[in-house]
>>> print(open('entry-v6.cif').read())   # mmCIF, C-alpha atoms
data_upload
#
loop_
_atom_site.label_atom_id
_atom_site.label_comp_id
_atom_site.auth_asym_id
_atom_site.auth_seq_id
_atom_site.Cartn_x
_atom_site.Cartn_y
_atom_site.Cartn_z
CA MET A 9 131.03 8.79 39.58
CA VAL A 10 132.37 5.28 39.83
CA ARG A 11 132.19 3.50 43.19
CA PHE A 12 134.95 1.34 44.64
CA SER A 13 136.03 0.00 48.03
CA PHE A 14 138.91 1.24 50.13
CA ALA A 15 139.63 0.34 53.77
CA GLY A 16 136.24 -1.31 54.14
CA GLU A 17 134.36 1.82 53.00
CA GLU A 18 132.62 2.63 49.75
CA PHE A 19 133.88 5.68 47.86
CA ALA A 20 133.23 7.16 44.45
CA ALA A 21 135.95 8.62 42.27
CA CYS A 22 134.81 11.68 40.35
CA ARG A 23 136.35 12.32 36.96
CA GLU A 24 136.94 15.93 38.08
CA GLY A 25 139.49 14.58 40.57
CA THR A 26 137.51 14.62 43.82
CA LEU A 27 136.50 11.77 46.09
CA TRP A 28 132.93 11.21 47.29
CA TRP A 29 132.22 9.33 50.53
CA PRO A 30 128.54 8.37 50.26
CA ALA A 31 128.06 7.17 53.85
CA ARG A 32 129.11 10.59 55.17
CA ARG A 33 127.93 12.67 52.20
CA ALA A 34 131.47 14.01 52.27
CA LEU A 35 133.42 15.54 49.39
CA LEU A 36 137.20 15.27 49.60
CA VAL A 37 139.37 17.52 47.47
CA ALA A 38 143.13 18.09 47.44
CA ASP A 39 145.56 20.77 46.32
CA LEU A 40 143.32 23.64 45.28
CA HIS A 41 146.32 26.02 45.32
CA PHE A 42 144.20 29.17 45.42
CA GLU A 43 146.12 32.34 44.51
CA LYS A 44 149.06 30.58 42.89
CA ALA A 45 149.13 33.11 40.05
CA SER A 46 149.25 36.08 42.43
CA TRP A 47 152.12 34.43 44.33
CA PHE A 48 154.10 34.19 41.10
CA ALA A 49 153.13 37.73 40.07
CA ALA A 50 154.59 39.11 43.28
CA ARG A 51 157.88 37.52 42.23
CA GLY A 52 157.88 38.93 38.71
CA GLN A 53 156.38 36.01 36.80
CA PHE A 54 153.01 37.17 35.51
CA LEU A 55 150.34 34.56 34.86
CA PRO A 56 146.64 35.08 34.06
CA PRO A 57 145.13 36.02 37.46
CA TYR A 58 142.04 33.86 37.14
CA ASP A 59 143.15 30.57 38.67
CA SER A 60 141.23 30.98 41.94
CA LEU A 61 137.99 31.89 40.17
CA ALA A 62 138.38 28.96 37.75
CA THR A 63 139.01 26.53 40.62
CA LEU A 64 136.03 27.91 42.54
CA ALA A 65 133.76 27.54 39.50
CA ALA A 66 134.72 23.88 39.11
CA LEU A 67 134.20 23.21 42.81
CA GLU A 68 130.87 25.06 42.85
CA ALA A 69 129.58 22.85 40.02
CA LEU A 70 130.39 19.73 42.05
CA VAL A 71 128.85 21.12 45.22
CA ARG A 72 125.62 22.02 43.41
CA ARG A 73 125.41 18.55 41.94
CA MET A 74 126.30 16.55 45.04
CA GLU A 75 125.09 18.74 47.93
CA PRO A 76 127.71 17.47 50.40
CA ALA A 77 127.20 17.66 54.14
CA GLU A 78 130.96 17.84 54.66
CA ILE A 79 133.84 19.17 52.58
CA TRP A 80 137.39 18.18 53.44
CA CYS A 81 140.25 20.07 51.79
CA LEU A 82 143.36 17.89 52.06
CA GLY A 83 146.03 20.58 52.25
CA ASP A 84 147.67 23.09 49.94
CA SER A 85 144.30 24.73 49.50
CA PHE A 86 146.27 27.98 49.15
CA HIS A 87 149.60 28.33 47.38
CA ASP A 88 150.93 30.03 50.52
CA SER A 89 149.54 30.87 53.94
CA ALA A 90 148.88 34.48 52.91
CA GLY A 91 146.88 33.38 49.86
CA GLY A 92 143.53 33.65 51.61
CA GLY A 93 144.14 37.33 52.19
CA ARG A 94 144.78 37.89 48.47
CA LEU A 95 141.46 36.43 47.31
CA CYS A 96 139.39 39.04 45.51
CA ASP A 97 136.02 40.00 47.00
CA ALA A 98 134.14 37.94 44.40
CA ALA A 99 136.16 34.82 45.21
CA ARG A 100 135.77 35.31 48.95
CA GLY A 101 132.02 35.68 48.57
CA ARG A 102 131.66 32.56 46.46
CA LEU A 103 133.80 30.57 48.86
CA ALA A 104 131.77 31.83 51.83
CA THR A 105 128.54 30.70 50.16
CA MET A 106 129.85 27.17 49.74
CA MET A 107 131.24 27.07 53.26
CA ALA A 108 127.92 28.15 54.74
CA ALA A 109 126.16 25.15 53.20
CA SER A 110 128.37 22.38 54.65
CA ARG A 111 130.81 21.50 57.43
CA TRP A 112 134.10 22.69 55.97
CA THR A 113 137.51 21.51 57.17
CA TRP A 114 140.89 22.81 56.01
CA ILE A 115 143.67 20.28 56.50
CA THR A 116 146.96 22.14 56.48
CA GLY A 117 149.65 21.42 53.90
CA ASN A 118 153.26 22.24 53.21
CA HIS A 119 152.24 25.33 51.21
CA ASP A 120 149.62 26.56 53.68
CA PRO A 121 150.55 25.53 57.22
CA ALA A 122 148.40 28.43 58.51
CA PRO A 123 145.41 29.11 56.20
CA CYS A 124 143.70 32.50 56.56
CA PRO A 125 141.54 32.28 59.75
CA SER A 126 139.13 34.98 58.58
CA LEU A 127 137.72 32.61 55.96
CA GLY A 128 136.06 30.40 58.56
CA GLY A 129 135.90 26.63 58.67
CA VAL A 130 137.90 24.30 60.90
CA ARG A 131 141.68 23.96 60.59
CA VAL A 132 143.46 20.73 61.53
CA ALA A 133 146.77 19.10 60.69
CA GLU A 134 145.02 15.77 60.11
CA ALA A 135 141.84 13.93 61.01
CA VAL A 136 140.65 10.34 61.53
CA LEU A 137 137.24 9.37 60.15
CA GLY A 138 136.00 5.81 60.48
CA GLY A 139 139.54 4.61 61.15
CA ILE A 140 140.89 6.34 58.02
CA VAL A 141 143.51 9.07 58.39
CA LEU A 142 143.04 12.21 56.31
CA ARG A 143 146.21 14.28 55.89
CA HIS A 144 148.03 16.26 53.24
CA ALA A 145 151.05 14.06 52.51
CA ALA A 146 151.17 10.29 52.87
CA GLU A 147 153.39 8.89 55.59
CA ALA A 148 155.06 5.67 54.53
CA ASP A 149 155.14 4.24 58.05
CA GLU A 150 151.45 4.93 58.75
CA ALA A 151 149.81 1.57 59.54
CA ARG A 152 146.24 2.89 59.36
CA PRO A 153 144.42 3.42 56.07
CA GLU A 154 145.19 6.89 54.78
CA ILE A 155 143.79 9.35 52.22
CA SER A 156 145.98 12.25 51.13
CA GLY A 157 147.02 14.56 48.30
CA HIS A 158 150.34 16.43 47.85
CA TYR A 159 151.82 14.63 44.84
CA HIS A 160 149.40 15.79 42.10
CA PRO A 161 149.51 12.37 40.37
CA LYS A 162 148.99 12.14 36.62
CA LEU A 163 148.96 9.07 34.40
CA ARG A 164 150.94 9.42 31.19
CA LEU A 165 149.98 7.16 28.28
CA THR A 166 150.97 6.93 24.64
CA LEU A 167 147.93 6.81 22.37
CA ARG A 168 148.33 6.63 18.61
CA GLY A 169 151.86 7.89 18.91
CA ARG A 170 150.94 10.83 21.15
CA SER A 171 151.80 11.24 24.81
CA VAL A 172 148.67 12.04 26.84
CA ALA A 173 148.62 12.92 30.56
CA ARG A 174 145.53 12.76 32.71
CA ARG A 175 145.19 13.35 36.42
CA CYS A 176 144.50 10.19 38.36
CA PHE A 177 144.10 8.68 41.80
CA VAL A 178 146.79 6.31 43.07
CA ALA A 179 145.74 3.47 45.35
CA GLY A 180 147.52 0.81 47.34
CA ALA A 181 146.47 -1.56 50.10
CA ARG A 182 146.47 1.22 52.75
CA LYS A 183 147.02 4.43 50.78
CA LEU A 184 144.83 6.49 48.49
CA LEU A 185 146.26 9.61 46.83
CA LEU A 186 144.00 12.22 45.26
CA PRO A 187 144.97 14.26 42.21
CA ALA A 188 145.33 18.04 42.40
CA PHE A 189 142.08 19.90 41.78
CA GLY A 190 143.41 23.42 41.28
CA ALA A 191 143.21 25.05 37.86
CA LEU A 192 146.89 26.00 37.90
CA THR A 193 148.52 22.84 39.19
CA GLY A 194 151.02 20.61 37.46
CA GLY A 195 151.46 16.94 38.10
CA LEU A 196 153.90 14.18 38.93
CA ASP A 197 153.88 10.99 36.89
CA ALA A 198 151.96 8.33 38.80
CA ASP A 199 154.87 5.90 38.55
CA HIS A 200 157.39 8.40 39.93
CA PRO A 201 159.58 6.78 42.61
CA GLU A 202 158.34 9.25 45.24
CA ILE A 203 154.73 8.21 44.66
CA ILE A 204 155.57 4.50 44.59
CA ARG A 205 157.55 4.94 47.82
CA ALA A 206 154.59 6.70 49.45
CA VAL A 207 151.96 4.17 48.37
CA GLY A 208 153.95 0.96 48.54
CA ALA A 209 153.86 -2.28 46.58
CA GLY A 210 150.82 -3.00 44.44
CA ALA A 211 150.16 0.64 43.59
CA GLU A 212 147.57 1.30 40.90
CA ALA A 213 146.60 4.42 38.98
CA LEU A 214 142.82 4.86 38.95
CA VAL A 215 141.22 6.89 36.15
CA PRO A 216 137.45 7.40 36.57
CA LEU A 217 135.24 7.67 33.52
CA ASP A 218 131.51 8.31 33.60
CA ASP A 219 130.63 4.61 33.73
CA ARG A 220 133.78 2.74 34.81
CA LEU A 221 137.04 2.97 36.68
CA LEU A 222 140.19 2.21 34.68
CA ARG A 223 143.02 0.63 36.67
CA PHE A 224 146.68 0.65 35.63
CA ALA A 225 149.32 -1.25 37.59
CA LEU A 226 152.32 0.90 38.48
CA ALA A 227 155.74 -0.72 38.49
CA ALA A 228 157.82 -0.33 41.60
#
>>> encode(input="entry-v6.cif", output="structure tokens")
Amino acid sequence: MVRFSFAGEEFAACREGTLWWPARRALLVADLHFEKASWFAARGQFLPPYDSLATLAALEALVRRMEPAEIWCLGDSFHDSAGGGRLCDAARGRLATMMAASRWTWITGNHDPAPCPSLGGVRVAEAVLGGIVLRHAAEADEARPEISGHYHPKLRLTLRGRSVARRCFVAGARKLLLPAFGALTGGLDADHPEIIRAVGAGAEALVPLDDRLLRFALAA
């Protein structure tokens, strides 16, 4: 994890695509998109049905390592509002174990405006912690500092003649966008006009490595 400052608070960007808030022992994660494969399967497009288990395994590894007191899911945790009901018993059990060990909050998103209530946890449209707004999608006219997801940002670079894409954070003076964490999520180029419009002037792509945070200016 590499620490940096945002809105007067210290955070750490994890290379797995999550955000750690040390002062709160809070783990922030966006766009899990549980049960995306089963949503497509119901519509005739069959994908390997292991995306939820793969996403859970990655999240479990982080939770074991960091032992968060709070977990905040910043929307689109499920690919649709019925996704929670399609989780297999093994996935539900593993999710319940994690939820029992921390204060768990589901922030609703455009894909899951009504996450499955039987899973437990708290459901809110947005929250304000230490003067920072947590919501699913950035609001351009929000004057307060804001942390969100929604856009699945990825940084695309050309290295030795090859195009390489890596998920990244995008930061501006008052906005911080998290990458998608889900195993079956695509991405939007970090310099896409929609992302630049959401973050504003001075946007940077942040790529955490084990020992440093790479910063790339994004052109408006």
>>> residues_near_point(input="entry-v6.cif", point="(133.4, 28.5, 52.0)", cutoff="12 Å", atoms="all atoms listed in the file", output="tab-separated table (two decimals) with C-alpha atoms, in the frame of the given file")
chain	number	residue	atom	x	y	z
A	64	LEU	CA	136.03	27.91	42.54
A	67	LEU	CA	134.20	23.21	42.81
A	68	GLU	CA	130.87	25.06	42.85
A	71	VAL	CA	128.85	21.12	45.22
A	78	GLU	CA	130.96	17.84	54.66
A	79	ILE	CA	133.84	19.17	52.58
A	80	TRP	CA	137.39	18.18	53.44
A	81	CYS	CA	140.25	20.07	51.79
A	85	SER	CA	144.30	24.73	49.50
A	92	GLY	CA	143.53	33.65	51.61
A	99	ALA	CA	136.16	34.82	45.21
A	100	ARG	CA	135.77	35.31	48.95
A	101	GLY	CA	132.02	35.68	48.57
A	102	ARG	CA	131.66	32.56	46.46
A	103	LEU	CA	133.80	30.57	48.86
A	104	ALA	CA	131.77	31.83	51.83
A	105	THR	CA	128.54	30.70	50.16
A	106	MET	CA	129.85	27.17	49.74
A	107	MET	CA	131.24	27.07	53.26
A	108	ALA	CA	127.92	28.15	54.74
A	109	ALA	CA	126.16	25.15	53.20
A	110	SER	CA	128.37	22.38	54.65
A	111	ARG	CA	130.81	21.50	57.43
A	112	TRP	CA	134.10	22.69	55.97
A	113	THR	CA	137.51	21.51	57.17
A	114	TRP	CA	140.89	22.81	56.01
A	124	CYS	CA	143.70	32.50	56.56
A	125	PRO	CA	141.54	32.28	59.75
A	126	SER	CA	139.13	34.98	58.58
A	127	LEU	CA	137.72	32.61	55.96
A	128	GLY	CA	136.06	30.40	58.56
A	129	GLY	CA	135.90	26.63	58.67
A	130	VAL	CA	137.90	24.30	60.90
>>> residues_around(input="entry-v6.cif", residues="A:Ala20", least_positions_apart="2", cutoff="10 Å", atoms="all atoms listed in the file", output="VMD selection string")
chain A and resid 9 to 14 18 22 to 23 26 to 30 35 216 221
>>> write_last_selection(input="entry-v6.cif", atoms="C-alpha atoms", output="PDB file, keeping the file's coordinate frame")
ATOM      1  CA  MET A   9     131.030   8.790  39.580  1.00  0.00           C
ATOM      2  CA  VAL A  10     132.370   5.280  39.830  1.00  0.00           C
ATOM      3  CA  ARG A  11     132.190   3.500  43.190  1.00  0.00           C
ATOM      4  CA  PHE A  12     134.950   1.340  44.640  1.00  0.00           C
ATOM      5  CA  SER A  13     136.030   0.000  48.030  1.00  0.00           C
ATOM      6  CA  PHE A  14     138.910   1.240  50.130  1.00  0.00           C
ATOM      7  CA  GLU A  18     132.620   2.630  49.750  1.00  0.00           C
ATOM      8  CA  CYS A  22     134.810  11.680  40.350  1.00  0.00           C
ATOM      9  CA  ARG A  23     136.350  12.320  36.960  1.00  0.00           C
ATOM     10  CA  THR A  26     137.510  14.620  43.820  1.00  0.00           C
ATOM     11  CA  LEU A  27     136.500  11.770  46.090  1.00  0.00           C
ATOM     12  CA  TRP A  28     132.930  11.210  47.290  1.00  0.00           C
ATOM     13  CA  TRP A  29     132.220   9.330  50.530  1.00  0.00           C
ATOM     14  CA  PRO A  30     128.540   8.370  50.260  1.00  0.00           C
ATOM     15  CA  LEU A  35     133.420  15.540  49.390  1.00  0.00           C
ATOM     16  CA  PRO A 216     137.450   7.400  36.570  1.00  0.00           C
ATOM     17  CA  LEU A 221     137.040   2.970  36.680  1.00  0.00           C
TER      18      LEU A 221
END
>>> residues_around(input="entry-v6.cif", residues="stretch 160-171 of chain A", least_positions_apart="4", cutoff="10 Å", atoms="all atoms listed in the file", output="ChimeraX atom specification")
/A:38-39,175-178,185-190,193-200,203,213-215,224,226
>>> closest_residue(input="entry-v6.cif", among="A:Arg33, A:Phe42, A:Glu212, A:Tyr58", to="A:Met74", atoms="all atoms listed in the file")
A:Arg33
>>> closest_residue(input="entry-v6.cif", among="A:Ala209, A:Ser89, A:Asp120, A:Arg174", to="A:Ala133", atoms="only C-alpha atoms")
A:Asp120
>>> closest_residue(input="entry-v6.cif", among="A:Glu202, A:Glu75, A:Asp97, A:Asp88", to="A:Trp47", atoms="all atoms listed in the file")
A:Asp88
>>> closest_residue(input="entry-v6.cif", among="A:Pro201, A:Gly16, A:Pro57, A:Gly157", to="A:Ala31", atoms="all atoms listed in the file")
A:Gly16
>>> decode(input="entry-v6.cif", residues="stretch 62-80 of chain A", atoms="N, CA and C atoms", output="short mmCIF file (atom, residue, chain, number, x, y, z; two decimals), in the first residue's frame")
data_model
loop_
_atom_site.label_atom_id
_atom_site.label_comp_id
_atom_site.auth_asym_id
_atom_site.auth_seq_id
_atom_site.Cartn_x
_atom_site.Cartn_y
_atom_site.Cartn_z
N ALA A 62 -14.60 -15.69 -7.52
CA ALA A 62 -13.27 -15.10 -7.74
C ALA A 62 -13.17 -13.73 -7.08
N THR A 63 -14.21 -12.93 -7.18
CA THR A 63 -14.21 -11.61 -6.54
C THR A 63 -14.16 -11.75 -5.03
N LEU A 64 -14.94 -12.68 -4.49
CA LEU A 64 -14.93 -12.92 -3.05
C LEU A 64 -13.55 -13.36 -2.57
N ALA A 65 -12.90 -14.24 -3.31
CA ALA A 65 -11.57 -14.72 -2.90
C ALA A 65 -10.58 -13.57 -2.82
N ALA A 66 -10.63 -12.67 -3.80
CA ALA A 66 -9.72 -11.52 -3.79
C ALA A 66 -10.02 -10.60 -2.63
N LEU A 67 -11.30 -10.39 -2.34
CA LEU A 67 -11.67 -9.52 -1.23
C LEU A 67 -11.33 -10.16 0.11
N GLU A 68 -11.54 -11.46 0.23
CA GLU A 68 -11.19 -12.16 1.46
C GLU A 68 -9.70 -12.03 1.78
N ALA A 69 -8.86 -12.12 0.76
CA ALA A 69 -7.42 -12.00 0.98
C ALA A 69 -7.07 -10.64 1.55
N LEU A 70 -7.71 -9.59 1.04
CA LEU A 70 -7.47 -8.24 1.57
C LEU A 70 -7.97 -8.11 3.00
N VAL A 71 -9.14 -8.64 3.26
CA VAL A 71 -9.73 -8.53 4.60
C VAL A 71 -8.87 -9.26 5.63
N ARG A 72 -8.36 -10.44 5.26
CA ARG A 72 -7.48 -11.17 6.18
C ARG A 72 -6.22 -10.37 6.48
N ARG A 73 -5.70 -9.72 5.48
CA ARG A 73 -4.45 -8.99 5.64
C ARG A 73 -4.63 -7.70 6.42
N MET A 74 -5.75 -7.02 6.21
CA MET A 74 -5.90 -5.67 6.74
C MET A 74 -6.81 -5.60 7.97
N GLU A 75 -7.66 -6.59 8.16
CA GLU A 75 -8.57 -6.63 9.31
C GLU A 75 -9.31 -5.30 9.49
N PRO A 76 -10.09 -4.89 8.51
CA PRO A 76 -10.78 -3.60 8.61
C PRO A 76 -11.89 -3.63 9.65
N ALA A 77 -12.10 -2.47 10.27
CA ALA A 77 -13.25 -2.30 11.16
C ALA A 77 -14.50 -1.96 10.37
N GLU A 78 -14.32 -1.35 9.21
CA GLU A 78 -15.44 -0.94 8.37
C GLU A 78 -15.15 -1.35 6.93
N ILE A 79 -16.17 -1.76 6.21
CA ILE A 79 -16.06 -1.99 4.77
C ILE A 79 -17.18 -1.22 4.09
N TRP A 80 -16.80 -0.40 3.13
CA TRP A 80 -17.75 0.42 2.39
C TRP A 80 -17.71 -0.02 0.93
#
